[in-house]
$ cat run.txt   # compact mmCIF, C-alpha atoms
# COMPACT_ATOMS: atom_id res chain seq x y z
CA MET F 1 0.00 0.00 0.00
CA LYS F 2 1.35 3.45 -0.89
CA ILE F 3 0.70 6.25 1.54
CA GLU F 4 1.33 9.98 1.30
CA THR F 5 2.90 11.61 4.34
CA THR F 6 3.83 15.22 4.94
CA ARG F 7 7.13 14.25 6.59
CA PHE F 8 8.37 11.37 4.39
CA GLY F 9 6.57 11.90 1.07
CA THR F 10 5.19 8.80 -0.64
CA VAL F 11 6.01 5.63 1.29
CA GLU F 12 5.34 1.99 0.46
CA VAL F 13 3.93 0.16 3.50
CA PRO F 14 3.52 -3.61 3.15
CA GLU F 15 0.10 -4.80 4.35
CA GLU F 16 1.77 -7.00 6.99
CA LYS F 17 3.35 -3.88 8.56
CA ILE F 18 0.07 -2.03 9.13
CA ILE F 19 -0.79 -1.70 12.81
CA SER F 20 -4.43 -1.54 13.84
CA MET F 21 -5.47 0.47 16.90
CA GLN F 22 -9.12 -0.20 17.66
CA HIS F 23 -9.25 2.68 20.17
CA GLY F 24 -6.71 4.98 18.49
CA LEU F 25 -4.29 7.08 20.53
CA LEU F 26 -5.32 9.38 23.36
CA GLY F 27 -6.54 12.55 21.68
CA PHE F 28 -6.60 10.83 18.28
CA GLN F 29 -9.28 8.16 18.75
CA ASP F 30 -10.37 8.39 15.11
CA LYS F 31 -6.90 7.45 13.81
CA LYS F 32 -6.90 3.64 13.70
CA ARG F 33 -4.05 2.59 11.37
CA PHE F 34 -0.35 3.18 11.89
CA CYS F 35 3.05 1.89 10.87
CA VAL F 36 6.53 2.15 12.38
CA PHE F 37 9.54 3.56 10.51
CA GLN F 38 13.04 3.59 11.94
CA HIS F 39 14.34 7.17 12.17
CA LYS F 40 17.72 6.15 10.76
CA GLU F 41 19.86 3.05 10.95
CA GLY F 42 21.20 2.49 14.46
CA SER F 43 18.95 5.13 16.00
CA PRO F 44 16.92 4.29 19.14
CA PHE F 45 14.08 6.40 17.73
CA PHE F 46 11.26 5.43 15.38
CA TRP F 47 8.35 7.21 13.74
CA TYR F 48 4.81 6.06 14.54
CA GLN F 49 3.10 7.25 11.38
CA SER F 50 -0.67 7.46 11.01
CA LEU F 51 -2.02 5.97 7.79
CA ASP F 52 -5.27 7.89 8.32
CA ASP F 53 -3.67 11.35 8.55
CA PRO F 54 -0.57 12.14 6.47
CA ALA F 55 0.49 14.91 8.88
CA LEU F 56 0.28 12.80 12.05
CA ALA F 57 3.52 11.09 13.12
CA PHE F 58 5.06 10.64 16.55
CA VAL F 59 8.65 9.99 17.56
CA VAL F 60 8.68 6.83 19.69
CA THR F 61 11.30 4.71 21.41
CA ASN F 62 11.71 1.59 23.52
CA PRO F 63 11.42 2.79 27.14
CA TRP F 64 13.92 0.23 28.50
CA LEU F 65 16.73 1.85 26.49
CA PHE F 66 16.45 4.96 28.68
CA LYS F 67 14.91 3.54 31.86
CA PRO F 68 16.04 -0.08 32.37
CA ASP F 69 13.89 -0.47 35.51
CA TYR F 70 10.68 0.59 33.71
CA HIS F 71 7.84 -1.68 34.82
CA LEU F 72 4.83 -2.26 32.61
CA ASP F 73 1.83 -4.37 33.61
CA THR F 74 0.67 -5.64 30.22
CA GLY F 75 -2.57 -7.07 31.64
CA PRO F 76 -4.75 -4.08 30.61
CA ALA F 77 -3.27 -4.08 27.10
CA ILE F 78 -3.79 -7.82 26.72
CA ASP F 79 -7.39 -7.45 27.88
CA ALA F 80 -8.04 -4.52 25.50
CA MET F 81 -6.70 -6.58 22.58
CA GLY F 82 -8.94 -9.50 23.46
CA TRP F 83 -6.04 -11.95 23.69
CA ASP F 84 -7.29 -15.30 24.92
CA GLY F 85 -4.01 -17.22 24.79
CA GLU F 86 -1.31 -17.51 27.40
CA PRO F 87 -0.06 -14.01 28.30
CA ASP F 88 3.56 -15.21 28.49
CA LYS F 89 3.41 -16.31 24.86
CA LEU F 90 2.09 -13.02 23.51
CA PRO F 91 4.70 -11.36 21.26
CA LEU F 92 4.70 -7.79 22.56
CA GLU F 93 6.71 -4.68 21.87
CA CYS F 94 6.39 -1.42 23.76
CA TYR F 95 6.95 2.14 22.62
CA VAL F 96 6.67 5.46 24.41
CA ILE F 97 6.01 8.77 22.69
CA VAL F 98 8.92 11.21 22.72
CA THR F 99 8.52 14.97 22.77
CA ILE F 100 11.39 17.03 21.37
CA PRO F 101 10.96 20.78 21.90
CA ARG F 102 11.74 22.71 18.72
CA GLY F 103 15.43 23.62 18.65
CA MET F 104 16.08 22.01 22.06
CA PRO F 105 16.85 18.31 21.62
CA GLY F 106 18.60 18.32 24.99
CA ARG F 107 15.19 18.73 26.60
CA MET F 108 13.51 15.74 24.96
CA THR F 109 11.16 13.75 27.18
CA ALA F 110 9.23 10.49 27.00
CA ASN F 111 5.68 9.79 28.10
CA LEU F 112 6.20 6.82 30.43
CA ILE F 113 2.60 6.82 31.67
CA GLY F 114 1.04 6.32 28.22
CA PRO F 115 2.93 3.47 26.51
CA ILE F 116 1.84 1.92 23.23
CA VAL F 117 1.77 -1.87 23.51
CA LEU F 118 1.97 -3.73 20.20
CA ASN F 119 1.10 -7.37 19.51
CA THR F 120 3.64 -8.06 16.76
CA GLU F 121 1.91 -11.26 15.64
CA ARG F 122 -1.54 -9.77 15.09
CA ARG F 123 -0.27 -6.22 14.34
CA GLU F 124 -2.65 -4.75 16.90
CA ALA F 125 -1.77 -2.04 19.39
CA VAL F 126 -3.31 -0.20 22.30
CA GLN F 127 -2.20 2.79 24.28
CA ILE F 128 -2.69 2.30 27.99
CA VAL F 129 -2.43 4.71 30.90
CA LEU F 130 -0.29 3.58 33.81
CA LEU F 131 -1.37 4.63 37.28
CA ASN F 132 2.13 4.75 38.70
CA ASP F 133 3.30 7.84 40.56
CA ALA F 134 6.92 6.89 39.87
CA TYR F 135 6.49 7.73 36.18
CA SER F 136 5.89 10.97 34.35
CA HIS F 137 4.59 12.01 30.96
CA LYS F 138 7.76 14.15 30.75
CA TYR F 139 10.57 11.78 31.70
CA PRO F 140 13.87 13.41 30.57
CA LEU F 141 15.85 11.33 28.08
CA VAL F 142 18.96 13.48 28.31
CA GLU F 143 20.85 14.04 31.52
CA LYS F 144 22.93 17.12 32.25
CA LYS F 145 26.58 16.51 33.10
CA GLY F 146 28.26 19.79 33.91
CA ASN F 147 27.79 21.93 30.79
CA ARG F 148 27.19 18.93 28.54
CA SER F 149 24.14 16.83 27.76
CA ALA F 150 24.34 13.08 27.42
CA MET F 151 21.85 10.48 26.29
CA TYR F 152 21.05 7.90 28.93
$ encode --input "run.txt" --output "structure tokens"
Amino acid sequence: MKIETTRFGTVEVPEEKIISMQHGLLGFQDKKRFCVFQHKEGSPFFWYQSLDDPALAFVVTNPWLFKPDYHLDTGPAIDAMGWDGEPDKLPLECYVIVTIPRGMPGRMTANLIGPIVLNTERREAVQIVLLNDAYSHKYPLVEKKGNRSAMY
């Protein structure tokens, strides 16, 4: 399937790479189809591109790359996807949405309370909200070391 995007131009997305989100994303409930593009080879960042809106794309990343002790109860996501198999056998990936303030990449943050959980076998995803006071929707991905910034 060919899609038009404002950020990447015309992109070929194989049918088996289309991700279905029955409930959409928070604030974008009417956007139901997405795909994931790697930002560039070797980068920890990806683009979560809407197939329903050419202008809608989010930077996402794997939360464990920046917060190794991140804990995610996948039960609500599994329930929302209607998975009836063994939870331990469900092929899941997790992404968190990254915010990068214009012109200030050193202040990028990740939304750790609203992860996107993806069933890679069925290409279905849900965004869940974690009720965990230890996490923030603005978790800093860059730490300050003296006058320098460093990625975690």
$ closest_residue --input "run.txt" --among "F:Pro54, F:Thr99, F:Val142, F:His39" --to "F:Lys2" --atoms "all atoms listed in the file"
F:Pro54
$ residues_around --input "run.txt" --residues "F:Gly9" --least-positions-apart "3" --cutoff "12 Å" --atoms "all atoms listed in the file" --output "PyMOL selection string"
chain F and resi 2-6+12+49+54-55
$ residues_near_point --input "run.txt" --point "(7.1, 7.9, 31.8)" --cutoff "7 Å" --atoms "all atoms listed in the file" --output "list in words"
Ala110, Asn111, Leu112, Ile113, Tyr135, Ser136, His137, Lys138 and Tyr139 of chain F
$ atom_distance --input "run.txt" --atom1 "atom CA of F:Trp47" --atom2 "atom CA of F:Leu131"
25.6 Å
$ residues_around --input "run.txt" --residues "F:Lys32" --least-positions-apart "3" --cutoff "7 Å" --atoms "only C-alpha atoms" --output "short mmCIF file (atom, residue, chain, number, x, y, z; two decimals) with C-alpha atoms, in the frame of the given file"
data_model
loop_
_atom_site.label_atom_id
_atom_site.label_comp_id
_atom_site.auth_asym_id
_atom_site.auth_seq_id
_atom_site.Cartn_x
_atom_site.Cartn_y
_atom_site.Cartn_z
CA SER F 20 -4.43 -1.54 13.84
CA MET F 21 -5.47 0.47 16.90
CA GLN F 22 -9.12 -0.20 17.66
CA HIS F 23 -9.25 2.68 20.17
CA GLY F 24 -6.71 4.98 18.49
#
$ atom_distance --input "run.txt" --atom1 "atom CA of F:Arg123" --atom2 "atom CA of F:Ile18"
6.7 Å
$ axis_aligned_box --input "run.txt" --around "stretch 108-120 of chain F" --padding-each-side "3 Å" --output "lines of an AutoDock Vina configuration file"
center_x = 7.3
center_y = 3.8
center_z = 24.2
size_x = 18.5
size_y = 29.8
size_z = 20.9
$ residues_around --input "run.txt" --residues "F:Gly27" --least-positions-apart "6" --cutoff "12 Å" --atoms "only C-alpha atoms" --output "JSON, numbers by chain"
{"F": [56, 114, 127]}
$ closest_residue --input "run.txt" --among "F:Ala134, F:Val126, F:Met108, F:Leu90" --to "F:Arg33" --atoms "only C-alpha atoms"
F:Val126
$ closest_residue --input "run.txt" --among "F:Gly42, F:Pro91, F:Pro14, F:Pro63" --to "F:Leu141" --atoms "all atoms listed in the file"
F:Pro63
$ atom_distance --input "run.txt" --atom1 "atom CA of F:Val13" --atom2 "atom CA of F:Ala77"
25.0 Å
$ closest_residue --input "run.txt" --among "F:Asn119, F:Thr61, F:Asn132, F:Ser43" --to "F:Met81" --atoms "all atoms listed in the file"
F:Asn119
$ residues_around --input "run.txt" --residues "F:Ile100" --least-positions-apart "3" --cutoff "10 Å" --atoms "all atoms listed in the file" --output "short mmCIF file (atom, residue, chain, number, x, y, z; two decimals) with C-alpha atoms, in the coordinates of the input"
data_model
loop_
_atom_site.label_atom_id
_atom_site.label_comp_id
_atom_site.auth_asym_id
_atom_site.auth_seq_id
_atom_site.Cartn_x
_atom_site.Cartn_y
_atom_site.Cartn_z
CA VAL F 59 8.65 9.99 17.56
CA ILE F 97 6.01 8.77 22.69
CA GLY F 103 15.43 23.62 18.65
CA MET F 104 16.08 22.01 22.06
CA PRO F 105 16.85 18.31 21.62
CA GLY F 106 18.60 18.32 24.99
CA ARG F 107 15.19 18.73 26.60
CA MET F 108 13.51 15.74 24.96
CA THR F 109 11.16 13.75 27.18
CA ALA F 110 9.23 10.49 27.00
CA LEU F 141 15.85 11.33 28.08
#
$ closest_residue --input "run.txt" --among "F:Met1, F:Cys35, F:Val117, F:Leu25" --to "F:Ile78" --atoms "only C-alpha atoms"
F:Val117
$ closest_residue --input "run.txt" --among "F:Leu65, F:Ala57, F:Leu26, F:Val98" --to "F:Ile128" --atoms "only C-alpha atoms"
F:Leu26
$ build_atoms --input "run.txt" --residues "stretch 72-100 of chain F" --atoms "N, CA and C atoms" --output "PDB file, in the coordinates of the input"
ATOM      1  N   LEU F  72       6.070  -2.377  33.368  1.00  0.00           N
ATOM      2  CA  LEU F  72       4.830  -2.260  32.610  1.00  0.00           C
ATOM      3  C   LEU F  72       3.971  -3.485  32.870  1.00  0.00           C
ATOM      4  N   ASP F  73       2.800  -3.289  33.450  1.00  0.00           N
ATOM      5  CA  ASP F  73       1.830  -4.370  33.610  1.00  0.00           C
ATOM      6  C   ASP F  73       1.066  -4.460  32.288  1.00  0.00           C
ATOM      7  N   THR F  74       1.303  -5.509  31.532  1.00  0.00           N
ATOM      8  CA  THR F  74       0.670  -5.640  30.220  1.00  0.00           C
ATOM      9  C   THR F  74      -0.759  -6.181  30.288  1.00  0.00           C
ATOM     10  N   GLY F  75      -1.224  -6.525  31.486  1.00  0.00           N
ATOM     11  CA  GLY F  75      -2.570  -7.070  31.640  1.00  0.00           C
ATOM     12  C   GLY F  75      -3.651  -6.221  30.979  1.00  0.00           C
ATOM     13  N   PRO F  76      -3.715  -4.906  31.251  1.00  0.00           N
ATOM     14  CA  PRO F  76      -4.750  -4.080  30.610  1.00  0.00           C
ATOM     15  C   PRO F  76      -4.652  -4.060  29.083  1.00  0.00           C
ATOM     16  N   ALA F  77      -3.432  -4.069  28.560  1.00  0.00           N
ATOM     17  CA  ALA F  77      -3.270  -4.080  27.100  1.00  0.00           C
ATOM     18  C   ALA F  77      -3.737  -5.400  26.522  1.00  0.00           C
ATOM     19  N   ILE F  78      -3.374  -6.495  27.187  1.00  0.00           N
ATOM     20  CA  ILE F  78      -3.790  -7.820  26.720  1.00  0.00           C
ATOM     21  C   ILE F  78      -5.312  -7.925  26.736  1.00  0.00           C
ATOM     22  N   ASP F  79      -5.929  -7.424  27.802  1.00  0.00           N
ATOM     23  CA  ASP F  79      -7.390  -7.450  27.880  1.00  0.00           C
ATOM     24  C   ASP F  79      -8.021  -6.610  26.773  1.00  0.00           C
ATOM     25  N   ALA F  80      -7.482  -5.416  26.522  1.00  0.00           N
ATOM     26  CA  ALA F  80      -8.040  -4.520  25.500  1.00  0.00           C
ATOM     27  C   ALA F  80      -7.911  -5.109  24.096  1.00  0.00           C
ATOM     28  N   MET F  81      -6.880  -5.952  23.883  1.00  0.00           N
ATOM     29  CA  MET F  81      -6.700  -6.580  22.580  1.00  0.00           C
ATOM     30  C   MET F  81      -7.518  -7.861  22.438  1.00  0.00           C
ATOM     31  N   GLY F  82      -8.133  -8.294  23.529  1.00  0.00           N
ATOM     32  CA  GLY F  82      -8.940  -9.500  23.460  1.00  0.00           C
ATOM     33  C   GLY F  82      -8.124 -10.772  23.299  1.00  0.00           C
ATOM     34  N   TRP F  83      -6.902 -10.774  23.797  1.00  0.00           N
ATOM     35  CA  TRP F  83      -6.040 -11.950  23.690  1.00  0.00           C
ATOM     36  C   TRP F  83      -6.548 -13.026  24.615  1.00  0.00           C
ATOM     37  N   ASP F  84      -6.775 -14.219  24.089  1.00  0.00           N
ATOM     38  CA  ASP F  84      -7.290 -15.300  24.920  1.00  0.00           C
ATOM     39  C   ASP F  84      -6.272 -16.424  25.116  1.00  0.00           C
ATOM     40  N   GLY F  85      -5.069 -16.230  24.618  1.00  0.00           N
ATOM     41  CA  GLY F  85      -4.010 -17.220  24.790  1.00  0.00           C
ATOM     42  C   GLY F  85      -3.240 -16.981  26.077  1.00  0.00           C
ATOM     43  N   GLU F  86      -2.151 -17.671  26.213  1.00  0.00           N
ATOM     44  CA  GLU F  86      -1.310 -17.510  27.400  1.00  0.00           C
ATOM     45  C   GLU F  86      -0.569 -16.178  27.316  1.00  0.00           C
ATOM     46  N   PRO F  87      -0.699 -15.327  28.335  1.00  0.00           N
ATOM     47  CA  PRO F  87      -0.060 -14.010  28.300  1.00  0.00           C
ATOM     48  C   PRO F  87       1.453 -14.070  28.091  1.00  0.00           C
ATOM     49  N   ASP F  88       2.110 -15.112  28.623  1.00  0.00           N
ATOM     50  CA  ASP F  88       3.560 -15.210  28.490  1.00  0.00           C
ATOM     51  C   ASP F  88       3.997 -15.496  27.047  1.00  0.00           C
ATOM     52  N   LYS F  89       3.074 -15.960  26.229  1.00  0.00           N
ATOM     53  CA  LYS F  89       3.410 -16.310  24.860  1.00  0.00           C
ATOM     54  C   LYS F  89       3.031 -15.211  23.861  1.00  0.00           C
ATOM     55  N   LEU F  90       2.505 -14.117  24.377  1.00  0.00           N
ATOM     56  CA  LEU F  90       2.090 -13.020  23.510  1.00  0.00           C
ATOM     57  C   LEU F  90       3.316 -12.220  23.066  1.00  0.00           C
ATOM     58  N   PRO F  91       3.534 -12.108  21.740  1.00  0.00           N
ATOM     59  CA  PRO F  91       4.700 -11.360  21.260  1.00  0.00           C
ATOM     60  C   PRO F  91       4.434  -9.848  21.324  1.00  0.00           C
ATOM     61  N   LEU F  92       4.964  -9.209  22.348  1.00  0.00           N
ATOM     62  CA  LEU F  92       4.700  -7.790  22.560  1.00  0.00           C
ATOM     63  C   LEU F  92       5.940  -6.934  22.369  1.00  0.00           C
ATOM     64  N   GLU F  93       5.715  -5.738  21.891  1.00  0.00           N
ATOM     65  CA  GLU F  93       6.710  -4.680  21.870  1.00  0.00           C
ATOM     66  C   GLU F  93       6.073  -3.487  22.567  1.00  0.00           C
ATOM     67  N   CYS F  94       6.901  -2.610  23.084  1.00  0.00           N
ATOM     68  CA  CYS F  94       6.390  -1.420  23.760  1.00  0.00           C
ATOM     69  C   CYS F  94       7.136  -0.196  23.252  1.00  0.00           C
ATOM     70  N   TYR F  95       6.380   0.856  23.020  1.00  0.00           N
ATOM     71  CA  TYR F  95       6.950   2.140  22.620  1.00  0.00           C
ATOM     72  C   TYR F  95       6.384   3.227  23.521  1.00  0.00           C
ATOM     73  N   VAL F  96       7.167   4.269  23.731  1.00  0.00           N
ATOM     74  CA  VAL F  96       6.670   5.460  24.410  1.00  0.00           C
ATOM     75  C   VAL F  96       6.872   6.638  23.471  1.00  0.00           C
ATOM     76  N   ILE F  97       5.962   7.594  23.550  1.00  0.00           N
ATOM     77  CA  ILE F  97       6.010   8.770  22.690  1.00  0.00           C
ATOM     78  C   ILE F  97       7.025   9.761  23.252  1.00  0.00           C
ATOM     79  N   VAL F  98       7.856  10.267  22.359  1.00  0.00           N
ATOM     80  CA  VAL F  98       8.920  11.210  22.720  1.00  0.00           C
ATOM     81  C   VAL F  98       8.505  12.614  22.258  1.00  0.00           C
ATOM     82  N   THR F  99       8.735  13.573  23.120  1.00  0.00           N
ATOM     83  CA  THR F  99       8.520  14.970  22.770  1.00  0.00           C
ATOM     84  C   THR F  99       9.883  15.654  22.692  1.00  0.00           C
ATOM     85  N   ILE F 100      10.134  16.312  21.565  1.00  0.00           N
ATOM     86  CA  ILE F 100      11.390  17.030  21.370  1.00  0.00           C
ATOM     87  C   ILE F 100      11.048  18.499  21.124  1.00  0.00           C
TER      88      ILE F 100
END
